[in-house]
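Text of my_file.csv, listed as CSV, C-alpha atoms:
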```csv
chain,number,residue,atom,x,y,z
A,223,MET,CA,2.5,8.5,-12.3
A,224,THR,CA,0.1,6.1,-14.0
A,225,LYS,CA,2.1,3.8,-16.2
A,226,LEU,CA,-0.5,1.5,-17.6
A,227,VAL,CA,-4.3,1.2,-17.9
A,228,VAL,CA,-5.7,-2.3,-18.2
A,229,ASN,CA,-9.4,-3.3,-18.4
A,230,GLY,CA,-10.9,-6.4,-17.0
A,231,ILE,CA,-14.3,-7.8,-16.0
A,232,CYS,CA,-15.6,-8.5,-12.5
A,233,GLU,CA,-16.9,-12.1,-13.0
A,234,GLY,CA,-18.1,-12.7,-9.5
A,235,VAL,CA,-18.6,-11.1,-6.0
A,236,TYR,CA,-18.4,-13.2,-2.8
A,237,ILE,CA,-18.6,-12.6,0.9
A,238,VAL,CA,-17.0,-14.5,3.8
A,239,PRO,CA,-19.6,-14.8,6.6
A,240,ILE,CA,-18.6,-13.1,9.8
A,241,GLU,CA,-19.7,-16.1,11.9
A,242,GLY,CA,-18.1,-19.5,11.4
A,243,ASP,CA,-14.7,-21.2,11.0
A,244,SER,CA,-14.5,-21.9,7.3
A,245,ILE,CA,-12.4,-19.6,5.1
A,246,GLU,CA,-14.8,-20.0,2.2
A,247,SER,CA,-16.9,-17.2,0.7
A,248,SER,CA,-20.4,-17.3,-0.9
A,249,PRO,CA,-21.5,-15.6,-4.1
A,250,VAL,CA,-23.7,-12.5,-3.9
A,251,VAL,CA,-25.6,-10.6,-6.5
A,252,GLU,CA,-24.2,-7.3,-5.2
A,253,GLY,CA,-21.5,-6.3,-2.7
A,254,GLU,CA,-21.5,-3.1,-0.7
A,255,VAL,CA,-18.0,-1.8,-0.2
A,256,SER,CA,-17.2,0.6,2.6
A,257,LEU,CA,-13.8,2.1,3.6
A,258,GLU,CA,-13.4,-1.0,5.8
A,259,GLY,CA,-14.1,-3.6,3.1
A,260,PHE,CA,-17.2,-5.6,2.0
A,261,LYS,CA,-20.1,-5.0,4.4
A,262,GLY,CA,-20.8,-8.2,6.3
A,263,ASP,CA,-17.5,-9.8,5.4
A,264,ARG,CA,-15.2,-11.3,8.1
A,265,HIS,CA,-12.1,-9.5,6.7
A,266,ALA,CA,-13.6,-6.0,6.8
A,267,GLY,CA,-12.2,-3.5,9.2
A,268,PHE,CA,-9.5,-0.7,9.6
A,269,THR,CA,-7.6,-3.1,11.8
A,270,LEU,CA,-7.0,-6.9,12.1
A,271,LEU,CA,-5.3,-9.2,14.6
A,272,SER,CA,-1.8,-10.2,13.5
A,273,GLY,CA,-1.2,-13.9,12.7
A,274,SER,CA,1.1,-16.1,10.7
A,275,ARG,CA,1.4,-13.6,7.8
A,276,THR,CA,2.9,-11.0,10.2
A,277,PRO,CA,5.2,-13.1,12.4
A,278,PHE,CA,7.2,-10.1,13.6
A,279,TYR,CA,4.2,-9.2,15.8
A,280,PRO,CA,3.0,-11.3,18.8
A,281,ARG,CA,-0.1,-13.2,17.6
A,282,GLY,CA,-3.2,-11.2,18.2
A,283,THR,CA,-1.7,-7.8,18.0
A,284,VAL,CA,-4.0,-5.1,16.6
A,285,ILE,CA,-2.4,-3.8,13.3
A,286,ARG,CA,-3.5,-1.9,10.2
A,287,ASN,CA,-5.6,-4.2,7.9
A,288,SER,CA,-4.0,-4.3,4.5
A,289,ARG,CA,-6.1,-7.4,3.6
A,290,GLN,CA,-9.6,-6.1,3.5
A,291,VAL,CA,-10.4,-7.6,0.1
A,292,SER,CA,-9.1,-10.7,-1.7
A,293,LEU,CA,-9.1,-10.8,-5.5
A,294,VAL,CA,-8.4,-13.8,-7.7
A,295,SER,CA,-8.2,-14.2,-11.5
A,296,THR,CA,-10.2,-16.5,-13.7
A,297,GLU,CA,-7.2,-17.3,-15.9
A,298,GLU,CA,-4.8,-18.0,-13.0
A,299,LEU,CA,-7.4,-20.3,-11.2
A,300,SER,CA,-7.7,-22.2,-14.5
A,301,LEU,CA,-3.9,-22.6,-14.6
A,302,ILE,CA,-3.7,-23.9,-11.1
A,303,ALA,CA,-6.7,-26.3,-11.6
A,304,ARG,CA,-5.0,-27.8,-14.7
A,305,ASP,CA,-1.7,-28.0,-12.8
A,306,ILE,CA,-3.1,-29.9,-9.9
A,307,GLY,CA,-5.5,-32.1,-11.9
A,308,LEU,CA,-8.9,-30.5,-11.0
A,309,PRO,CA,-11.7,-29.8,-13.4
A,310,GLN,CA,-12.0,-26.3,-11.9
A,311,LEU,CA,-11.0,-24.3,-8.8
A,312,GLN,CA,-13.9,-22.2,-7.3
A,313,PRO,CA,-13.0,-18.7,-6.1
A,314,GLU,CA,-15.2,-19.4,-3.0
A,315,TRP,CA,-12.9,-22.2,-1.9
A,316,LEU,CA,-10.1,-19.6,-1.5
A,317,GLY,CA,-12.3,-17.1,0.3
A,318,ALA,CA,-12.0,-14.7,-2.6
A,319,ASN,CA,-14.2,-11.6,-2.6
A,320,LEU,CA,-13.8,-10.8,-6.3
A,321,LEU,CA,-13.1,-12.9,-9.4
A,322,ILE,CA,-11.6,-10.8,-12.2
A,323,SER,CA,-10.9,-11.8,-15.8
A,324,GLY,CA,-9.0,-10.3,-18.6
A,325,ILE,CA,-5.9,-9.1,-16.7
A,326,PRO,CA,-2.6,-10.7,-17.8
A,327,ARG,CA,-0.4,-12.0,-14.9
A,328,PHE,CA,-3.0,-10.8,-12.4
A,329,THR,CA,-1.0,-11.7,-9.3
A,330,GLN,CA,1.9,-9.6,-10.5
A,331,ILE,CA,-0.2,-6.4,-10.5
A,332,PRO,CA,2.0,-4.1,-8.2
A,333,PRO,CA,1.0,-2.5,-4.9
A,334,GLY,CA,-0.6,1.0,-5.4
A,335,THR,CA,-2.6,-0.1,-8.5
A,336,ARG,CA,-6.1,1.3,-8.3
A,337,PHE,CA,-9.2,-0.8,-9.4
A,338,PHE,CA,-12.0,1.5,-10.5
A,339,PHE,CA,-15.5,-0.1,-10.5
A,340,PRO,CA,-18.3,1.6,-12.5
A,341,GLN,CA,-20.4,2.4,-9.4
A,342,GLY,CA,-17.8,4.3,-7.5
A,343,ALA,CA,-15.9,1.7,-5.6
A,344,VAL,CA,-12.1,2.0,-5.8
A,345,LEU,CA,-9.7,-0.6,-4.4
A,346,LEU,CA,-6.0,-0.1,-3.8
A,347,ALA,CA,-3.8,-3.2,-4.4
A,348,GLN,CA,-1.6,-4.0,-1.4
A,349,GLY,CA,0.3,-7.0,-2.8
A,350,GLU,CA,0.4,-10.6,-3.6
A,351,ASN,CA,-1.7,-13.1,-1.5
A,352,ASN,CA,0.6,-15.9,-0.6
A,353,PRO,CA,-1.1,-19.3,-0.7
A,354,CYS,CA,-1.4,-20.8,2.8
A,355,ARG,CA,-2.4,-24.1,4.2
A,356,LEU,CA,-5.9,-23.0,5.2
A,357,ALA,CA,-6.7,-22.4,1.5
A,358,GLY,CA,-5.0,-25.6,0.5
A,359,ASP,CA,-7.1,-27.5,3.1
A,360,ALA,CA,-10.3,-25.8,1.9
A,361,VAL,CA,-9.6,-27.0,-1.6
A,362,GLN,CA,-8.8,-30.5,-0.4
A,363,SER,CA,-12.0,-30.7,1.6
A,364,HIS,CA,-13.9,-30.8,-1.7
A,365,PHE,CA,-11.8,-33.8,-2.9
A,366,PRO,CA,-11.4,-35.8,0.4
A,367,ASP,CA,-9.9,-38.8,-1.5
A,368,ASP,CA,-6.9,-36.9,-2.7
A,369,ALA,CA,-4.7,-36.6,0.3
A,370,GLU,CA,-2.0,-34.5,-1.2
A,371,LEU,CA,-4.1,-31.9,-2.9
A,372,SER,CA,-3.5,-29.3,-0.3
A,373,GLN,CA,0.2,-29.4,-0.8
A,374,ARG,CA,-0.1,-29.5,-4.6
A,375,PHE,CA,-2.4,-26.4,-4.4
A,376,ILE,CA,0.1,-24.5,-2.2
A,377,ALA,CA,3.0,-25.2,-4.6
A,378,SER,CA,1.0,-24.4,-7.8
A,379,ALA,CA,-0.8,-21.3,-6.4
A,380,LYS,CA,2.5,-19.5,-5.7
A,381,HIS,CA,2.4,-16.2,-7.7
A,382,ARG,CA,-1.1,-17.1,-9.0
A,383,ARG,CA,-3.3,-16.9,-5.9
A,384,GLY,CA,-4.3,-13.2,-6.5
A,385,LEU,CA,-4.0,-10.0,-4.6
A,386,VAL,CA,-5.1,-8.4,-1.4
A,387,ALA,CA,-6.4,-4.8,-1.5
A,388,CYS,CA,-7.8,-2.0,0.6
A,389,VAL,CA,-10.7,0.2,-0.2
A,390,GLU,CA,-9.9,3.8,-1.1
A,391,HIS,CA,-13.5,4.8,-2.0
A,392,PRO,CA,-16.8,3.1,-1.2
A,393,GLY,CA,-19.4,1.9,-3.7
A,394,ILE,CA,-21.4,-1.1,-5.0
A,395,VAL,CA,-19.8,-3.9,-7.0
A,396,ARG,CA,-21.8,-6.4,-9.1
A,397,PRO,CA,-20.8,-9.4,-11.2
A,398,GLY,CA,-20.6,-8.6,-14.9
A,399,GLU,CA,-19.3,-5.1,-14.4
A,400,ALA,CA,-16.2,-3.7,-16.1
A,401,VAL,CA,-13.1,-2.8,-14.0
A,402,ARG,CA,-10.4,-0.4,-15.0
A,403,LEU,CA,-6.9,-0.9,-13.5
A,404,GLU,CA,-4.5,2.1,-13.3
A,405,ILE,CA,-1.0,0.7,-12.6
A,406,PRO,CA,1.6,3.1,-11.2
A,407,SER,CA,5.1,3.5,-12.5
A,408,GLN,CA,7.5,1.0,-10.9
A,409,VAL,CA,11.2,1.1,-10.2
A,410,LEU,CA,13.1,-2.1,-9.2
A,411,TYR,CA,14.9,-1.2,-6.0
A,412,GLU,CA,18.4,-2.5,-5.7
A,413,VAL,CA,20.9,-1.6,-2.9
A,414,GLY,CA,24.4,-0.6,-4.1
B,57,MET,CA,8.7,-12.4,0.7
B,58,THR,CA,11.3,-10.1,2.1
B,59,LYS,CA,13.9,-9.4,-0.5
B,60,LEU,CA,16.2,-7.0,1.2
B,61,VAL,CA,16.9,-5.6,4.7
B,62,VAL,CA,18.5,-2.1,4.9
B,63,ASN,CA,19.3,-0.2,8.0
B,64,GLY,CA,19.1,3.5,8.5
B,65,ILE,CA,19.0,6.2,11.1
B,66,CYS,CA,16.0,8.4,12.1
B,67,GLU,CA,17.7,11.8,12.1
B,68,GLY,CA,14.7,13.9,13.0
B,69,VAL,CA,11.0,13.8,14.0
B,70,TYR,CA,8.6,16.6,13.0
B,71,ILE,CA,4.9,17.4,13.4
B,72,VAL,CA,2.7,19.5,11.2
B,73,PRO,CA,0.4,21.5,13.5
B,74,ILE,CA,-3.3,20.8,13.1
B,75,GLU,CA,-4.2,24.5,13.1
B,76,GLY,CA,-2.8,26.8,10.5
B,77,ASP,CA,-2.2,27.1,6.8
B,78,SER,CA,1.5,26.4,6.4
B,79,ILE,CA,2.5,23.0,5.1
B,80,GLU,CA,5.7,23.2,7.3
B,81,SER,CA,6.4,20.9,10.2
B,82,SER,CA,8.3,21.5,13.5
B,83,PRO,CA,10.9,19.3,15.2
B,84,VAL,CA,9.9,17.3,18.3
B,85,VAL,CA,12.0,15.3,20.8
B,86,GLU,CA,9.5,12.4,20.5
B,87,GLY,CA,6.6,11.5,18.2
B,88,GLU,CA,3.7,9.3,19.3
B,89,VAL,CA,2.5,7.2,16.4
B,90,SER,CA,-1.0,5.8,16.4
B,91,LEU,CA,-2.7,3.7,13.7
B,92,GLU,CA,-3.9,7.0,12.3
B,93,GLY,CA,-0.5,8.7,12.0
B,94,PHE,CA,1.5,11.1,14.3
B,95,LYS,CA,-0.7,12.3,17.2
B,96,GLY,CA,-1.3,16.0,16.9
B,97,ASP,CA,-0.3,16.0,13.2
B,98,ARG,CA,-2.6,17.5,10.5
B,99,HIS,CA,-2.2,14.5,8.2
B,100,ALA,CA,-3.2,11.9,10.8
B,101,GLY,CA,-6.5,10.0,10.2
B,102,PHE,CA,-7.9,6.8,8.6
B,103,THR,CA,-9.4,9.0,5.9
B,104,LEU,CA,-8.6,12.3,4.2
B,105,LEU,CA,-10.4,14.6,1.8
B,106,SER,CA,-9.4,14.1,-1.9
B,107,GLY,CA,-7.5,16.9,-3.6
B,108,SER,CA,-5.1,17.5,-6.5
B,109,ARG,CA,-3.2,14.2,-5.9
B,110,THR,CA,-6.4,12.2,-6.5
B,111,PRO,CA,-8.0,14.1,-9.4
B,112,PHE,CA,-10.3,11.2,-10.3
B,113,TYR,CA,-12.5,12.1,-7.2
B,114,PRO,CA,-14.5,15.3,-6.8
B,115,ARG,CA,-12.4,17.6,-4.6
B,116,GLY,CA,-13.3,17.0,-0.9
B,117,THR,CA,-14.4,13.4,-1.3
B,118,VAL,CA,-13.7,11.2,1.8
B,119,ILE,CA,-11.2,8.5,0.8
B,120,ARG,CA,-8.7,6.2,2.6
B,121,ASN,CA,-5.6,8.1,3.8
B,122,SER,CA,-2.5,6.6,2.3
B,123,ARG,CA,-0.5,9.7,3.2
B,124,GLN,CA,-0.5,9.6,7.0
B,125,VAL,CA,3.3,10.1,7.3
B,126,SER,CA,5.8,11.9,5.1
B,127,LEU,CA,9.5,10.7,5.1
B,128,VAL,CA,12.5,12.4,3.5
B,129,SER,CA,16.1,11.4,3.2
B,130,THR,CA,19.2,13.4,4.4
B,131,GLU,CA,21.1,12.4,1.3
B,132,GLU,CA,18.4,13.3,-1.2
B,133,LEU,CA,17.7,16.6,0.5
B,134,SER,CA,21.4,17.4,0.1
B,135,LEU,CA,21.3,16.5,-3.6
B,136,ILE,CA,18.3,18.8,-4.2
B,137,ALA,CA,19.9,21.6,-2.2
B,138,ARG,CA,23.1,21.4,-4.2
B,139,ASP,CA,21.1,21.2,-7.4
B,140,ILE,CA,19.1,24.3,-6.8
B,141,GLY,CA,21.9,26.4,-5.2
B,142,LEU,CA,20.9,26.3,-1.5
B,143,PRO,CA,23.2,25.7,1.4
B,144,GLN,CA,20.7,23.3,2.8
B,145,LEU,CA,17.1,22.2,2.5
B,146,GLN,CA,15.3,21.7,5.9
B,147,PRO,CA,12.9,18.7,6.2
B,148,GLU,CA,10.5,21.1,8.0
B,149,TRP,CA,10.1,23.2,4.9
B,150,LEU,CA,8.6,20.2,3.1
B,151,GLY,CA,6.3,19.2,5.9
B,152,ALA,CA,8.2,16.0,6.5
B,153,ASN,CA,7.5,13.9,9.7
B,154,LEU,CA,10.7,11.9,9.6
B,155,LEU,CA,14.2,12.5,8.3
B,156,ILE,CA,16.0,9.2,7.5
B,157,SER,CA,19.7,8.8,6.6
B,158,GLY,CA,21.7,5.8,5.3
B,159,ILE,CA,19.2,4.4,2.8
B,160,PRO,CA,20.5,4.5,-0.8
B,161,ARG,CA,17.9,5.9,-3.3
B,162,PHE,CA,15.4,6.4,-0.6
B,163,THR,CA,12.6,7.7,-2.8
B,164,GLN,CA,12.7,4.4,-4.8
B,165,ILE,CA,11.9,2.3,-1.8
B,166,PRO,CA,8.9,0.3,-3.1
B,167,PRO,CA,5.3,0.3,-1.7
B,168,GLY,CA,4.9,-2.5,0.9
B,169,THR,CA,8.3,-1.9,2.5
B,170,ARG,CA,8.1,-1.9,6.3
B,171,PHE,CA,10.0,0.5,8.5
B,172,PHE,CA,10.6,-1.0,11.9
B,173,PHE,CA,11.4,1.5,14.7
B,174,PRO,CA,13.0,0.2,18.0
B,175,GLN,CA,10.1,1.2,20.2
B,176,GLY,CA,7.4,-0.7,18.3
B,177,ALA,CA,6.2,1.7,15.6
B,178,VAL,CA,6.0,0.1,12.1
B,179,LEU,CA,5.3,2.1,9.0
B,180,LEU,CA,4.2,0.7,5.7
B,181,ALA,CA,5.5,2.6,2.6
B,182,GLN,CA,2.8,3.6,0.2
B,183,GLY,CA,4.8,5.2,-2.6
B,184,GLU,CA,6.8,8.2,-3.8
B,185,ASN,CA,5.7,11.6,-2.7
B,186,ASN,CA,5.5,13.8,-5.8
B,187,PRO,CA,6.8,17.3,-5.4
B,188,CYS,CA,4.0,19.9,-5.5
B,189,ARG,CA,3.9,23.6,-5.8
B,190,LEU,CA,3.0,24.0,-2.1
B,191,ALA,CA,6.3,22.5,-1.1
B,192,GLY,CA,8.1,24.6,-3.7
B,193,ASP,CA,6.5,27.7,-2.5
B,194,ALA,CA,7.3,26.9,1.2
B,195,VAL,CA,11.0,26.5,0.2
B,196,GLN,CA,10.9,29.8,-1.7
B,197,SER,CA,9.4,31.6,1.2
B,198,HIS,CA,12.7,31.2,3.0
B,199,PHE,CA,14.5,32.8,0.1
B,200,PRO,CA,12.1,35.5,-1.1
B,201,ASP,CA,14.6,37.2,-3.4
B,202,ASP,CA,14.9,34.0,-5.6
B,203,ALA,CA,11.7,34.2,-7.7
B,204,GLU,CA,12.2,30.9,-9.5
B,205,LEU,CA,13.3,28.7,-6.6
B,206,SER,CA,9.9,27.1,-6.3
B,207,GLN,CA,10.0,25.8,-9.9
B,208,ARG,CA,13.6,24.7,-9.6
B,209,PHE,CA,12.7,22.8,-6.4
B,210,ILE,CA,9.8,21.0,-8.1
B,211,ALA,CA,12.0,19.9,-11.0
B,212,SER,CA,15.0,18.9,-8.9
B,213,ALA,CA,12.9,17.1,-6.2
B,214,LYS,CA,11.3,14.6,-8.7
B,215,HIS,CA,12.1,11.1,-7.5
B,216,ARG,CA,14.0,12.6,-4.5
B,217,ARG,CA,11.2,14.1,-2.3
B,218,GLY,CA,10.8,11.0,-0.2
B,219,LEU,CA,7.9,8.7,0.5
B,220,VAL,CA,4.4,8.6,2.1
B,221,ALA,CA,3.5,5.9,4.5
B,222,CYS,CA,0.8,4.5,6.7
B,223,VAL,CA,1.1,3.2,10.2
B,224,GLU,CA,0.8,-0.6,10.6
B,225,HIS,CA,1.6,-0.7,14.3
B,226,PRO,CA,1.8,2.2,16.9
B,227,GLY,CA,4.8,3.2,18.9
B,228,ILE,CA,7.1,6.0,19.9
B,229,VAL,CA,9.7,7.4,17.5
B,230,ARG,CA,12.7,9.5,18.6
B,231,PRO,CA,15.5,11.3,16.7
B,232,GLY,CA,18.8,9.2,16.8
B,233,GLU,CA,17.1,5.8,16.7
B,234,ALA,CA,17.9,3.1,14.3
B,235,VAL,CA,15.3,2.1,11.7
B,236,ARG,CA,15.2,-1.3,9.9
B,237,LEU,CA,13.6,-1.5,6.4
B,238,GLU,CA,12.3,-4.8,5.1
B,239,ILE,CA,11.8,-4.5,1.4
B,240,PRO,CA,9.5,-7.0,-0.3
B,241,SER,CA,10.2,-8.8,-3.5
B,242,GLN,CA,9.2,-6.9,-6.6
B,243,VAL,CA,8.2,-7.8,-10.1
B,244,LEU,CA,8.1,-5.3,-12.9
B,245,TYR,CA,4.6,-5.6,-14.3
B,246,GLU,CA,4.3,-5.5,-18.1
B,247,VAL,CA,1.3,-6.2,-20.2
B,248,GLY,CA,1.7,-8.6,-23.2
```
Here is the file; what I need is its structure written in the form of structure tokens.
Amino acid sequence: MTKLVVNGICEGVYIVPIEGDSIESSPVVEGEVSLEGFKGDRHAGFTLLSGSRTPFYPRGTVIRNSRQVSLVSTEELSLIARDIGLPQLQPEWLGANLLISGIPRFTQIPPGTRFFFPQGAVLLAQGENNPCRLAGDAVQSHFPDDAELSQRFIASAKHRRGLVACVEHPGIVRPGEAVRLEIPSQVLYEVG
Amino acid sequence: MTKLVVNGICEGVYIVPIEGDSIESSPVVEGEVSLEGFKGDRHAGFTLLSGSRTPFYPRGTVIRNSRQVSLVSTEELSLIARDIGLPQLQPEWLGANLLISGIPRFTQIPPGTRFFFPQGAVLLAQGENNPCRLAGDAVQSHFPDDAELSQRFIASAKHRRGLVACVEHPGIVRPGEAVRLEIPSQVLYEVG
């Protein structure tokens, strides 16, 4: 079932504090991953409350959490930054948990792909993370004089804002470690 | 993000008893779906113990359960039955929880597809269910004189044995109900 193996590097590990309103994350020297997500991270949990990403549920409905972990790519953040006229785009501004380098077209990695980390943690990709206004506004807050940066970010980050994932197996993750991706076979589904 | 909406019918609901060795399921007039799977079903749970489907973990390791629910298709079971020379193939023999009709190429439905049932239950497709020897042997046990039926089943059922899914939202599921599939956009990932 594995179609492709691709190797990358985990360039950074970040945690979103449980308390507070900001979507931003902060770098850590080591992340402890349980089956619910990163320990101490706001997005950890087997369940979450539905919001704008799942508009077919009443807001606040308890549903399965398919967004335990947020991953972004060094190369895609550079492309977005260049596109919107910034010297750089920090993974923290987007609330990312992991910054990964070396994977071509990172955001296109299909659901079901496994990320194997050297100390046991295994993540299961759940799909593309669509850029939202909260992330755009977080970026803009670092450049308060540029009133349209949020909108430019949202447009430019489409299909480049990384992935969300669940944890299949716990472990420790550290910056600088290798990560091996096993990408399943895909079929393009068409009706008729 | 939704690419396609396809409508089908839930033709049958089945439960695998928690006690016992057989992989087979039994029909019920109503299934109660929690965030862990079908209540009273052996495969329900947020976690499972790794086995032959996840050979990169030591057998018996606690991992995320991406196989809470097993779904098969009326049309694909008919194709397999014809192929291997049986008058019919019962969903129970394969340990299926749900028999769905009306969805073309059911087993190719991509991961991330949502199955919406009329009484609130929502399933999230996790991928193709690969035919294993246990299912082949269960089929053969109904035709003990046909010594090679298990192998013929495994060969014929490839890409037709249905899907595994997780529960995103709880609810009740009954035979005869409509089911609406929302299929996400897909991109074929290629390196280079």
Discussion item. Taking only C-alpha atoms into account, find every residue of chain A that has an atom no more than 10 Å from chain B, and write it out as an NGL selection string.
Written reply: :A and (223 or 225-228 or 257-258 or 268-269 or 278-279 or 283-288 or 325-334 or 338 or 342 or 344-346 or 348-350 or 352 or 388-392 or 405-414)
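Proximity ranking of A:Ser378, A:Ser323, A:Ser272, A:Thr335 relative to Gly307 (chain A) places A:Ser378 first, based on only C-alpha atoms.
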Worksheet item: With only C-alpha atoms as the atoms that count, which of A:Ile240, A:Val395, A:Leu316, A:Ile376 lies nearest to His364 (chain A)?
Response: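 Using only C-alpha atoms, the shortest distance to His364 (chain A) belongs to A:Leu316.
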Worksheet item: Using all atoms listed in the file, which residues sit within 7 Å of Glu246 (chain A) once same-chain residues fewer than 5 positions away are excluded, as a ChimeraX atom specification?
Response: /A:238,314-317
Fill in: Residue among B:Val195, B:Leu237, B:Ile79, B:Val125 lying closest to Lys95 (chain B), counting only C-alpha atoms
B:Val125
Worksheet entry | Option closest in space to Pro397 (chain A), from A:Val251, A:Val294, A:Glu370, A:Ala266 [counting only C-alpha atoms] | A:Val251
Worksheet item: At most 12 Å from (-2.3, -30.1, 0.0), file frame, only C-alpha atoms: which residues, as a list in words?
Response: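 Residues close enough to count: Ile306, Pro353, Cys354, Arg355, Leu356, Ala357, Gly358, Asp359, Ala360, Val361, Gln362, Ser363, His364, Phe365, Pro366, Asp367, Asp368, Ala369, Glu370, Leu371, Ser372, Gln373, Arg374, Phe375, Ile376, Ala377, Ser378 and Ala379 of chain A.
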Those same residues - C-alpha atoms - I'd like them written as a CSV table (one decimal), in the frame of the given file.
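That gives us part.csv:
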```
chain,number,residue,atom,x,y,z
A,306,ILE,CA,-3.1,-29.9,-9.9
A,353,PRO,CA,-1.1,-19.3,-0.7
A,354,CYS,CA,-1.4,-20.8,2.8
A,355,ARG,CA,-2.4,-24.1,4.2
A,356,LEU,CA,-5.9,-23.0,5.2
A,357,ALA,CA,-6.7,-22.4,1.5
A,358,GLY,CA,-5.0,-25.6,0.5
A,359,ASP,CA,-7.1,-27.5,3.1
A,360,ALA,CA,-10.3,-25.8,1.9
A,361,VAL,CA,-9.6,-27.0,-1.6
A,362,GLN,CA,-8.8,-30.5,-0.4
A,363,SER,CA,-12.0,-30.7,1.6
A,364,HIS,CA,-13.9,-30.8,-1.7
A,365,PHE,CA,-11.8,-33.8,-2.9
A,366,PRO,CA,-11.4,-35.8,0.4
A,367,ASP,CA,-9.9,-38.8,-1.5
A,368,ASP,CA,-6.9,-36.9,-2.7
A,369,ALA,CA,-4.7,-36.6,0.3
A,370,GLU,CA,-2.0,-34.5,-1.2
A,371,LEU,CA,-4.1,-31.9,-2.9
A,372,SER,CA,-3.5,-29.3,-0.3
A,373,GLN,CA,0.2,-29.4,-0.8
A,374,ARG,CA,-0.1,-29.5,-4.6
A,375,PHE,CA,-2.4,-26.4,-4.4
A,376,ILE,CA,0.1,-24.5,-2.2
A,377,ALA,CA,3.0,-25.2,-4.6
A,378,SER,CA,1.0,-24.4,-7.8
A,379,ALA,CA,-0.8,-21.3,-6.4
```
Worksheet item: At what distance in Å, to one decimal, does CA of Gly96 (chain B) lie from CA of Gly232 (chain B)?
Response: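 Computed distance, CA of Gly232 (chain B) to CA of Gly96 (chain B), equals 21.2 Å.
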Discussion item. Please report the interatomic distance between CA of Val235 (chain B) and CA of Gly64 (chain B) in Å with one decimal.
Written reply: 5.2 Å
Item to complete: State, in Å with one decimal place, the distance from CA of Ala181 (chain B) to CA of Val89 (chain B).
Response: 14.9 Å
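Closest approach to Val84 (chain B) among B:Ala177, B:Ala234, B:Arg115, B:Asn153: B:Asn153, based on only C-alpha atoms.
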